[in-house]
>>> print(open('start_38.tsv').read())   # TSV, N, CA and C atoms
chain	number	residue	atom	x	y	z
A	1	MET	N	85.94	78.57	78.41
A	1	MET	CA	87.15	78.64	77.62
A	1	MET	C	87.90	79.96	77.82
A	2	VAL	N	87.15	81.02	78.10
A	2	VAL	CA	87.80	82.31	78.29
A	2	VAL	C	88.68	82.29	79.53
A	3	GLY	N	88.22	81.64	80.60
A	3	GLY	CA	88.99	81.56	81.84
A	3	GLY	C	90.29	80.79	81.64
A	4	ILE	N	90.23	79.70	80.87
A	4	ILE	CA	91.43	78.91	80.63
A	4	ILE	C	92.44	79.71	79.83
A	5	SER	N	91.97	80.45	78.86
A	5	SER	CA	92.86	81.29	78.07
A	5	SER	C	93.50	82.37	78.94
A	6	GLY	N	92.74	82.94	79.86
A	6	GLY	CA	93.27	83.96	80.75
A	6	GLY	C	94.35	83.42	81.66
A	7	VAL	N	94.16	82.18	82.13
A	7	VAL	CA	95.16	81.56	83.01
A	7	VAL	C	96.44	81.29	82.23
A	8	SER	N	96.32	80.79	81.01
A	8	SER	CA	97.53	80.52	80.23
A	8	SER	C	98.25	81.82	79.87
A	9	ASP	N	97.49	82.89	79.60
A	9	ASP	CA	98.11	84.18	79.34
A	9	ASP	C	98.86	84.68	80.56
A	10	LEU	N	98.28	84.48	81.72
A	10	LEU	CA	98.91	84.88	82.97
A	10	LEU	C	100.19	84.08	83.22
A	11	ASN	N	100.14	82.78	82.94
A	11	ASN	CA	101.34	81.95	83.09
A	11	ASN	C	102.43	82.37	82.12
A	12	ASN	N	102.05	82.68	80.88
A	12	ASN	CA	103.03	83.14	79.89
A	12	ASN	C	103.66	84.46	80.33
A	13	TYR	N	102.84	85.36	80.85
A	13	TYR	CA	103.36	86.64	81.34
A	13	TYR	C	104.31	86.42	82.51
A	14	SER	N	103.92	85.54	83.42
A	14	SER	CA	104.76	85.24	84.58
A	14	SER	C	106.09	84.65	84.13
A	15	ASN	N	106.07	83.75	83.18
A	15	ASN	CA	107.31	83.15	82.69
A	15	ASN	C	108.20	84.18	82.02
A	16	SER	N	107.62	85.08	81.24
A	16	SER	CA	108.44	86.10	80.57
A	16	SER	C	109.03	87.08	81.57
A	17	VAL	N	108.29	87.43	82.63
A	17	VAL	CA	108.83	88.31	83.66
A	17	VAL	C	109.97	87.62	84.39
A	18	GLN	N	109.82	86.33	84.67
A	18	GLN	CA	110.88	85.58	85.35
A	18	GLN	C	112.15	85.54	84.50
A	19	LYS	N	111.99	85.37	83.19
A	19	LYS	CA	113.15	85.33	82.31
A	19	LYS	C	113.85	86.68	82.26
A	20	MET	N	113.07	87.77	82.22
A	20	MET	CA	113.66	89.10	82.14
A	20	MET	C	114.35	89.51	83.43
A	21	THR	N	113.74	89.17	84.56
A	21	THR	CA	114.29	89.61	85.84
A	21	THR	C	115.27	88.61	86.43
A	22	GLY	N	115.23	87.38	85.97
A	22	GLY	CA	116.11	86.36	86.52
A	22	GLY	C	115.61	85.79	87.83
A	23	LEU	N	114.38	86.11	88.21
A	23	LEU	CA	113.81	85.60	89.46
A	23	LEU	C	113.22	84.22	89.23
A	24	THR	N	113.24	83.39	90.24
A	24	THR	CA	112.67	82.06	90.13
A	24	THR	C	111.20	82.11	90.50
A	25	SER	N	110.52	81.05	90.21
A	25	SER	CA	109.10	80.99	90.55
A	25	SER	C	108.92	80.86	92.05
A	26	GLN	N	107.75	81.22	92.55
A	26	GLN	CA	107.48	81.18	93.98
A	26	GLN	C	107.48	79.75	94.51
A	27	THR	N	107.04	78.78	93.68
A	27	THR	CA	106.99	77.41	94.17
A	27	THR	C	108.38	76.86	94.42
A	28	SER	N	109.31	77.15	93.53
A	28	SER	CA	110.66	76.65	93.77
A	28	SER	C	111.30	77.37	94.94
A	29	LYS	N	110.95	78.62	95.15
A	29	LYS	CA	111.46	79.35	96.30
A	29	LYS	C	110.90	78.76	97.58
A	30	LEU	N	109.63	78.41	97.57
A	30	LEU	CA	109.03	77.78	98.75
A	30	LEU	C	109.68	76.43	99.03
A	31	ASP	N	109.97	75.67	97.99
A	31	ASP	CA	110.64	74.39	98.18
A	31	ASP	C	112.03	74.57	98.77
A	32	ASP	N	112.76	75.58	98.29
A	32	ASP	CA	114.09	75.85	98.82
A	32	ASP	C	114.01	76.26	100.28
A	33	ASP	N	113.01	77.08	100.63
A	33	ASP	CA	112.87	77.53	102.00
A	33	ASP	C	112.51	76.38	102.93
A	34	SER	N	111.67	75.45	102.47
A	34	SER	CA	111.31	74.33	103.33
A	34	SER	C	112.49	73.41	103.54
A	35	GLN	N	113.37	73.31	102.56
A	35	GLN	CA	114.55	72.48	102.72
A	35	GLN	C	115.59	73.15	103.60
A	36	SER	N	115.68	74.48	103.54
A	36	SER	CA	116.66	75.18	104.35
A	36	SER	C	116.19	75.35	105.79
A	37	GLY	N	114.92	75.14	106.05
A	37	GLY	CA	114.40	75.19	107.41
A	37	GLY	C	114.05	76.58	107.89
A	38	LYS	N	113.81	77.54	107.00
A	38	LYS	CA	113.43	78.88	107.43
A	38	LYS	C	111.99	78.86	107.96
A	39	SER	N	111.79	79.58	109.04
A	39	SER	CA	110.46	79.64	109.62
A	39	SER	C	109.92	81.06	109.51
A	40	PHE	N	108.67	81.21	109.92
A	40	PHE	CA	108.05	82.54	109.91
A	40	PHE	C	108.83	83.50	110.78
A	41	SER	N	109.34	83.01	111.88
A	41	SER	CA	110.14	83.84	112.79
A	41	SER	C	111.39	84.38	112.10
A	42	ASP	N	112.03	83.54	111.27
A	42	ASP	CA	113.22	83.98	110.55
A	42	ASP	C	112.88	85.09	109.57
A	43	TYR	N	111.76	84.93	108.85
A	43	TYR	CA	111.35	85.96	107.92
A	43	TYR	C	110.98	87.25	108.64
A	44	LEU	N	110.32	87.13	109.77
A	44	LEU	CA	109.91	88.30	110.54
A	44	LEU	C	111.14	89.03	111.08
A	45	THR	N	112.10	88.30	111.58
A	45	THR	CA	113.34	88.90	112.08
A	45	THR	C	114.08	89.62	110.97
A	46	SER	N	114.14	89.02	109.82
A	46	SER	CA	114.81	89.63	108.67
A	46	SER	C	114.10	90.91	108.24
A	47	ALA	N	112.78	90.88	108.22
A	47	ALA	CA	112.02	92.06	107.81
A	47	ALA	C	112.19	93.19	108.81
A	48	LEU	N	112.17	92.87	110.09
A	48	LEU	CA	112.34	93.91	111.11
A	48	LEU	C	113.74	94.50	111.10
A	49	SER	N	114.74	93.68	110.83
A	49	SER	CA	116.10	94.23	110.73
A	49	SER	C	116.23	95.12	109.50
A	50	SER	N	115.51	94.79	108.44
A	50	SER	CA	115.51	95.64	107.25
A	50	SER	C	114.86	96.99	107.54
A	51	VAL	N	113.77	96.98	108.29
A	51	VAL	CA	113.11	98.24	108.68
A	51	VAL	C	114.04	99.06	109.54
A	52	SER	N	114.70	98.41	110.48
A	52	SER	CA	115.64	99.10	111.35
A	52	SER	C	116.80	99.69	110.56
A	53	GLN	N	117.31	98.95	109.59
A	53	GLN	CA	118.41	99.44	108.75
A	53	GLN	C	117.97	100.65	107.93
A	54	ASN	N	116.76	100.62	107.38
A	54	ASN	CA	116.25	101.76	106.61
A	54	ASN	C	116.10	102.99	107.50
A	55	MET	N	115.63	102.80	108.72
A	55	MET	CA	115.50	103.93	109.64
A	55	MET	C	116.87	104.50	110.01
A	56	SER	N	117.83	103.63	110.21
A	56	SER	CA	119.19	104.06	110.54
A	56	SER	C	119.81	104.83	109.38
A	57	ASN	N	119.62	104.32	108.16
A	57	ASN	CA	120.13	105.02	106.97
A	57	ASN	C	119.51	106.41	106.85
A	58	MET	N	118.21	106.51	107.12
A	58	MET	CA	117.54	107.79	107.05
A	58	MET	C	118.10	108.75	108.10
A	59	ASP	N	118.31	108.26	109.32
A	59	ASP	CA	118.87	109.10	110.38
A	59	ASP	C	120.25	109.61	110.02
A	60	GLN	N	121.11	108.72	109.52
A	60	GLN	CA	122.46	109.12	109.15
A	60	GLN	C	122.45	110.13	108.00
A	61	SER	N	121.60	109.89	107.04
A	61	SER	CA	121.50	110.79	105.88
A	61	SER	C	120.99	112.16	106.31
A	62	SER	N	119.99	112.19	107.18
A	62	SER	CA	119.45	113.46	107.67
A	62	SER	C	120.48	114.22	108.49
A	63	ALA	N	121.21	113.50	109.34
A	63	ALA	CA	122.24	114.14	110.17
A	63	ALA	C	123.35	114.72	109.31
A	64	SER	N	123.76	113.99	108.26
A	64	SER	CA	124.82	114.52	107.40
A	64	SER	C	124.33	115.71	106.59
A	65	MET	N	123.06	115.73	106.26
A	65	MET	CA	122.49	116.88	105.54
A	65	MET	C	122.45	118.10	106.45
A	66	ILE	N	122.06	117.91	107.70
A	66	ILE	CA	121.98	119.02	108.65
A	66	ILE	C	123.36	119.56	108.97
A	67	SER	N	124.35	118.67	109.10
A	67	SER	CA	125.70	119.11	109.44
A	67	SER	C	126.43	119.72	108.24
A	68	GLY	N	125.92	119.53	107.05
A	68	GLY	CA	126.53	120.12	105.87
A	68	GLY	C	127.47	119.20	105.14
A	69	ASN	N	127.62	117.96	105.59
A	69	ASN	CA	128.51	117.01	104.93
A	69	ASN	C	127.93	116.50	103.61
A	70	ASN	N	126.62	116.46	103.53
A	70	ASN	CA	125.94	115.97	102.32
A	70	ASN	C	125.04	117.08	101.81
A	71	SER	N	125.22	117.44	100.55
A	71	SER	CA	124.41	118.51	99.99
A	71	SER	C	123.38	118.00	99.00
A	72	ASN	N	123.21	116.69	98.89
A	72	ASN	CA	122.28	116.11	97.94
A	72	ASN	C	120.95	115.83	98.63
A	73	LEU	N	120.01	116.75	98.48
A	73	LEU	CA	118.71	116.62	99.10
A	73	LEU	C	117.92	115.45	98.53
A	74	GLY	N	118.13	115.12	97.27
A	74	GLY	CA	117.42	114.01	96.63
A	74	GLY	C	117.70	112.69	97.31
A	75	ASP	N	118.96	112.43	97.66
A	75	ASP	CA	119.29	111.18	98.35
A	75	ASP	C	118.64	111.11	99.72
A	76	VAL	N	118.61	112.23	100.41
A	76	VAL	CA	117.99	112.27	101.74
A	76	VAL	C	116.50	111.98	101.62
A	77	MET	N	115.85	112.56	100.65
A	77	MET	CA	114.41	112.35	100.47
A	77	MET	C	114.11	110.89	100.07
A	78	ILE	N	114.97	110.31	99.25
A	78	ILE	CA	114.78	108.91	98.86
A	78	ILE	C	114.89	108.00	100.07
A	79	LYS	N	115.90	108.24	100.90
A	79	LYS	CA	116.07	107.41	102.10
A	79	LYS	C	114.93	107.61	103.08
A	80	MET	N	114.42	108.82	103.16
A	80	MET	CA	113.27	109.07	104.04
A	80	MET	C	112.04	108.33	103.52
A	81	THR	N	111.83	108.34	102.23
A	81	THR	CA	110.68	107.65	101.64
A	81	THR	C	110.80	106.14	101.81
A	82	GLU	N	112.01	105.60	101.62
A	82	GLU	CA	112.21	104.17	101.82
A	82	GLU	C	111.90	103.77	103.26
A	83	ALA	N	112.37	104.58	104.20
A	83	ALA	CA	112.11	104.29	105.61
A	83	ALA	C	110.63	104.37	105.92
A	84	GLN	N	109.96	105.36	105.36
A	84	GLN	CA	108.53	105.53	105.60
A	84	GLN	C	107.74	104.34	105.04
A	85	LEU	N	108.07	103.93	103.82
A	85	LEU	CA	107.36	102.81	103.21
A	85	LEU	C	107.60	101.50	103.95
A	86	SER	N	108.83	101.27	104.37
A	86	SER	CA	109.11	100.03	105.10
A	86	SER	C	108.40	100.02	106.45
A	87	LEU	N	108.33	101.17	107.11
A	87	LEU	CA	107.63	101.24	108.40
A	87	LEU	C	106.12	101.04	108.21
A	88	GLU	N	105.55	101.66	107.18
A	88	GLU	CA	104.13	101.49	106.91
A	88	GLU	C	103.80	100.04	106.58
A	89	THR	N	104.68	99.39	105.83
A	89	THR	CA	104.48	97.98	105.50
A	89	THR	C	104.51	97.13	106.76
A	90	ALA	N	105.47	97.41	107.65
A	90	ALA	CA	105.56	96.65	108.90
A	90	ALA	C	104.32	96.84	109.75
A	91	VAL	N	103.79	98.04	109.78
A	91	VAL	CA	102.57	98.30	110.55
A	91	VAL	C	101.39	97.54	109.96
A	92	GLN	N	101.29	97.51	108.64
A	92	GLN	CA	100.18	96.78	108.00
A	92	GLN	C	100.29	95.27	108.24
A	93	VAL	N	101.51	94.74	108.20
A	93	VAL	CA	101.69	93.31	108.49
A	93	VAL	C	101.30	93.03	109.92
A	94	ARG	N	101.69	93.91	110.83
A	94	ARG	CA	101.30	93.75	112.23
A	94	ARG	C	99.79	93.75	112.38
A	95	ASN	N	99.12	94.69	111.69
A	95	ASN	CA	97.66	94.76	111.77
A	95	ASN	C	97.00	93.49	111.24
A	96	LYS	N	97.52	92.96	110.15
A	96	LYS	CA	96.96	91.72	109.59
A	96	LYS	C	97.19	90.55	110.53
A	97	CYS	N	98.34	90.49	111.18
A	97	CYS	CA	98.60	89.42	112.15
A	97	CYS	C	97.65	89.51	113.34
A	98	ILE	N	97.40	90.71	113.80
A	98	ILE	CA	96.47	90.89	114.92
A	98	ILE	C	95.06	90.51	114.50
A	99	ASP	N	94.66	90.89	113.28
A	99	ASP	CA	93.33	90.50	112.78
A	99	ASP	C	93.20	88.98	112.69
A	100	ALA	N	94.25	88.33	112.19
A	100	ALA	CA	94.22	86.86	112.08
A	100	ALA	C	94.15	86.23	113.46
A	101	TYR	N	94.90	86.75	114.41
A	101	TYR	CA	94.86	86.23	115.77
A	101	TYR	C	93.47	86.38	116.37
A	102	ASN	N	92.87	87.55	116.18
A	102	ASN	CA	91.52	87.79	116.71
A	102	ASN	C	90.49	86.87	116.05
A	103	ASP	N	90.64	86.64	114.75
A	103	ASP	CA	89.72	85.71	114.06
A	103	ASP	C	89.83	84.31	114.63
A	104	ILE	N	91.05	83.86	114.86
A	104	ILE	CA	91.25	82.53	115.42
A	104	ILE	C	90.73	82.47	116.85
A	105	LYS	N	90.98	83.53	117.61
A	105	LYS	CA	90.54	83.58	119.01
A	105	LYS	C	89.02	83.52	119.10
A	106	ASN	N	88.33	84.14	118.15
A	106	ASN	CA	86.88	84.24	118.22
A	106	ASN	C	86.17	83.06	117.55
A	107	MET	N	86.92	82.08	117.06
A	107	MET	CA	86.29	80.92	116.45
A	107	MET	C	85.54	80.12	117.51
A	108	GLN	N	84.40	79.60	117.11
A	108	GLN	CA	83.62	78.77	118.01
A	108	GLN	C	83.55	77.37	117.45
A	109	PHE	N	83.83	76.42	118.30
A	109	PHE	CA	83.81	75.02	117.86
A	109	PHE	C	82.57	74.33	118.29
>>> encode(input="start_38.tsv", output="structure tokens")
Amino acid sequence: MVGISGVSDLNNYSNSVQKMTGLTSQTSKLDDDSQSGKSFSDYLTSALSSVSQNMSNMDQSSASMISGNNSNLGDVMIKMTEAQLSLETAVQVRNKCIDAYNDIKNMQF
């Protein structure tokens, strides 16, 4: 009975977070994606372009700080941190994909 109560509490929490943030549930998002025809490749391309955009923003912000056009060090540091986190995330996703590939490759039938 404790496990069932925990699951219902988790569902209630999830529903309240969705109401506050305005985000939809993951299942309806998955249904929308399957109807729109998005593939893993589309998601990967989108994620890599986001990483590239973050790196570009960081470069532009750093260059404007060095040239003296921008005097707000906080914005530069935020953009650097965003770029660093997105790059680290991309590296971890790559590592997990390689691990999954190696696991599949090493399967014995």
>>> residues_around(input="start_38.tsv", residues="stretch 79-81 of chain A", least_positions_apart="4", cutoff="10 Å", atoms="only C-alpha atoms", output="MDAnalysis selection string")
chainID A and resid 54:62 74:75 85:87
>>> atom_distance(input="start_38.tsv", atom1="atom C of A:Glu88", atom2="atom C of A:Tyr101")
19.7 Å
>>> atom_distance(input="start_38.tsv", atom1="atom C of A:Ser50", atom2="atom C of A:Gln84")
10.5 Å
>>> atom_distance(input="start_38.tsv", atom1="atom CA of A:Gln53", atom2="atom CA of A:Val91")
16.0 Å
